[in-house]
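Data block below; observations after.
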Amino acid sequence: MKLKKYKIPHYHIRKIIKIHKNQLESSVRYERFIVKETFEDWYCLLGKDVLFLTHPHFTAKIAKEFINSPNQTGLSLTNEEQALLVTASYIHDWGELKIGNLGIGDITFEQHNENHKKIEVSIFETVINSLPKDKERDLIHKAYQKIVMTKNSKLGEIFNVVERIGYLKTGLRAYKGIKGKRIKNWSGLAGNVLSNQIIALIDYAKKYPYVKNFLNRKQKIINKIFKKILKTKVLLDKEGHPSYDLEKLKKNYSSWKNFYQL
């Protein structure tokens with residue numbers, strides 16, 4: 001299945017980025033795991049996926065990799081579905097923007113709840129109100145409602161795959177670091193990711209070859225990280241809460257070992 005030449009509403013996306021550029025350039029993801037790192041260190045050590053401005057492009061890249069990956073047995077995406085999936089990648093976090101005194105910002109996976117979702121939908125609607133009412137805005141709205149906010153749909157499930165792969169990549173980056181340097185609470189961030197994503201990705205690997213191939217390529221390092229973290233004390237995040245649930249991490253590691261018969 002090859003990526004078609006579909007039309008992405010880049011003009012509208014660029015307009016929203018321009019309006020909120022200052023916030024997007026100064027906001028980072030996974031902030032609860034920051035110890036003493038500067039903004040620059042956080043971005044340098046964890047990469048483009050942790051900056052609000054560049055995170056959508058990182059997500060879109062994974063979405064395109066999924067679309068172009070071979071052997072997606074029984075999966076057929078129309079040009080419109082591909083356009084919606086990639087568009088969702090660019091606009092999925094608009095609901096996390098802070099406008100005035102409203103907005104919640106970035107919430108890590110296990111802390112995200114239904115109340116947060118309601119607030120995000122309200123913020124998203126406020127954000128797109130600055131766009132003209134045309135077909136491109138309709139495409140953005142459809143991508144958000146039918147994919148980002150509807151995880152049990154065909155495209156919603158695929159986007160869930162894309163997001164979870166993104167989380168895992170950041171967890172791996174936290175462990176590997178850059179030139180021998182890592183964030184101080186690397187075990188907290190990586191442990192949080194593994195405890196929330198591995199079981200779900202294993203289930204997806206049974207359905208989507210893209211996920212199975214990714215996990216196969218990263219098998220050794222994921223196994224190494226599991227072992228390393230399980231020998232490490234659970235550090236507290238900046239709010240004084242455990243960075244991850246130890247029992248949940250053990251459960252994910254058990255599923256991982258069973259999947260690969262380790």
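Every chain in the structure tokens has a letter given in the order shown (A, B, ...), and although residue numbers restart at 1 in each chain, ligands are simply numbered from 1 in the order shown.
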
Near region 13-32 of chain A, 8 Å: region 116-220 of chain A residue rows, closest pairs, only C-alpha atoms, as a tab-separated table:
```
residue	atom	partner	partner_atom	distance
A:Val127	CA	A:Ile16	CA	7.5
A:Ile128	CA	A:Ile16	CA	7.9
A:Ser130	CA	A:Ile16	CA	7.9
A:Leu189	CA	A:Tyr30	CA	7.6
```

Near-region 225-235 of chain A list (7 Å; only C-alpha atoms; drop same-chain fewer than 4 positions) as an NGL selection string: :A and (187-188 or 191 or 221 or 242-243 or 253)

Contacts of Ala174 (chain A) within 7 Å, only C-alpha atoms, excl. fewer than 6 positions in-chain, as a list in words: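 Answer for this query is Leu46, Arg182, Ile183, Trp186, Leu189 and Ala190 of chain A.
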
DSSP alpha helix (DSSP H) selection over region 41-238 of chain A, as a ChimeraX atom specification: /A:41-46,55-68,79-91,114-128,135-143,154-176,186-205,209-217,219-230

Polymer residues at most 8 Å from Leu84 (chain A), only C-alpha atoms, same-chain spacing of 2 or more positions, as an MDAnalysis selection string: chainID A and resid 80:82 86:88 139:140 142:143 147

Keeping only N, CA and C atoms, write the selected residues as a short mmCIF file (atom, residue, chain, number, x, y, z; two decimals), in the first residue's frame.
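The result, written out as out.cif:
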```
data_model
loop_
_atom_site.label_atom_id
_atom_site.label_comp_id
_atom_site.auth_asym_id
_atom_site.auth_seq_id
_atom_site.Cartn_x
_atom_site.Cartn_y
_atom_site.Cartn_z
N GLU A 80 -8.86 9.34 1.03
CA GLU A 80 -9.44 10.20 2.06
C GLU A 80 -9.05 9.71 3.45
N GLU A 81 -9.04 8.41 3.67
CA GLU A 81 -8.67 7.86 4.98
C GLU A 81 -7.21 8.17 5.30
N GLN A 82 -6.36 8.07 4.29
CA GLN A 82 -4.95 8.41 4.50
C GLN A 82 -4.81 9.90 4.84
N VAL A 86 -3.26 11.34 8.47
CA VAL A 86 -2.10 12.24 8.55
C VAL A 86 -2.52 13.59 9.12
N THR A 87 -3.70 14.07 8.72
CA THR A 87 -4.22 15.33 9.27
C THR A 87 -4.39 15.22 10.78
N ALA A 88 -4.93 14.10 11.25
CA ALA A 88 -5.09 13.87 12.69
C ALA A 88 -3.76 13.98 13.41
N LEU A 139 -12.35 19.01 7.05
CA LEU A 139 -11.46 17.86 7.10
C LEU A 139 -10.77 17.78 8.46
N ILE A 140 -10.32 18.93 8.96
CA ILE A 140 -9.66 18.99 10.27
C ILE A 140 -10.64 18.56 11.36
N LYS A 142 -13.32 16.73 11.10
CA LYS A 142 -13.64 15.31 10.95
C LYS A 142 -12.50 14.44 11.48
N ALA A 143 -11.26 14.83 11.18
CA ALA A 143 -10.10 14.06 11.66
C ALA A 143 -10.08 14.04 13.18
N ILE A 147 -11.35 10.44 14.53
CA ILE A 147 -10.11 9.68 14.74
C ILE A 147 -9.53 9.94 16.14
#
```

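Relative to CA of Phe39 (chain A), CA of Leu53 (chain A) is found at 13.5 Å.
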
Close residues, Lys212 (chain A) itself excluded, 12 Å, only C-alpha atoms, min 4 positions apart in chain, as an NGL selection string: :A and (66 or 69-72 or 161 or 165 or 198 or 200-208 or 216-219 or 259-260)

Name the residues in contact with Phe58 (chain A) at a cut-off of 10 Å, using only C-alpha atoms, excluding same-chain residues fewer than 4 positions from it; report them as a PDB file with C-alpha atoms, in the first residue's frame.
```
ATOM      1  CA  GLY A  47      14.356  15.004  20.625  1.00  0.00           C
ATOM      2  CA  LYS A  48      11.682  16.656  18.502  1.00  0.00           C
ATOM      3  CA  ASP A  49       8.804  14.595  19.870  1.00  0.00           C
ATOM      4  CA  VAL A  50       8.897  16.389  23.245  1.00  0.00           C
ATOM      5  CA  LEU A  51       8.430  19.906  21.866  1.00  0.00           C
ATOM      6  CA  LEU A  53       5.857  22.675  17.967  1.00  0.00           C
ATOM      7  CA  THR A  54       7.570  19.665  16.374  1.00  0.00           C
ATOM      8  CA  ILE A  62       5.016   7.600  12.060  1.00  0.00           C
ATOM      9  CA  ALA A  63       1.557   7.706  10.450  1.00  0.00           C
ATOM     10  CA  SER A  89      -1.363  13.584  13.372  1.00  0.00           C
ATOM     11  CA  TYR A  90      -0.883  17.300  12.804  1.00  0.00           C
ATOM     12  CA  GLY A 166       5.536   7.552  19.443  1.00  0.00           C
TER      13      GLY A 166
END
```

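Here CA of Leu236 (chain A) and CA of Phe33 (chain A) stand 8.3 Å from one another.
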
Spatial neighbours of Trp94 (chain A), max dist 8 Å, only C-alpha atoms, sep filter under 2 positions, as a PyMOL selection string: chain A and resi 91-92+96-97+120+123-124+127

Nearest-residue call for Ile67 (chain A), choices A:Leu168, A:Trp42, A:Val193, A:Ile158, using only C-alpha atoms: A:Ile158

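If you look at CA of Tyr210 (chain A) and CA of Asn68 (chain A), they are 9.4 Å away from each other.
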
Pick from A:Ala60, A:Pro209, A:Tyr11, A:Leu155 nearest to Thr78 (chain A), counting only C-alpha atoms: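 Among the listed residues, the smallest separation from Thr78 (chain A) belongs to A:Leu155.
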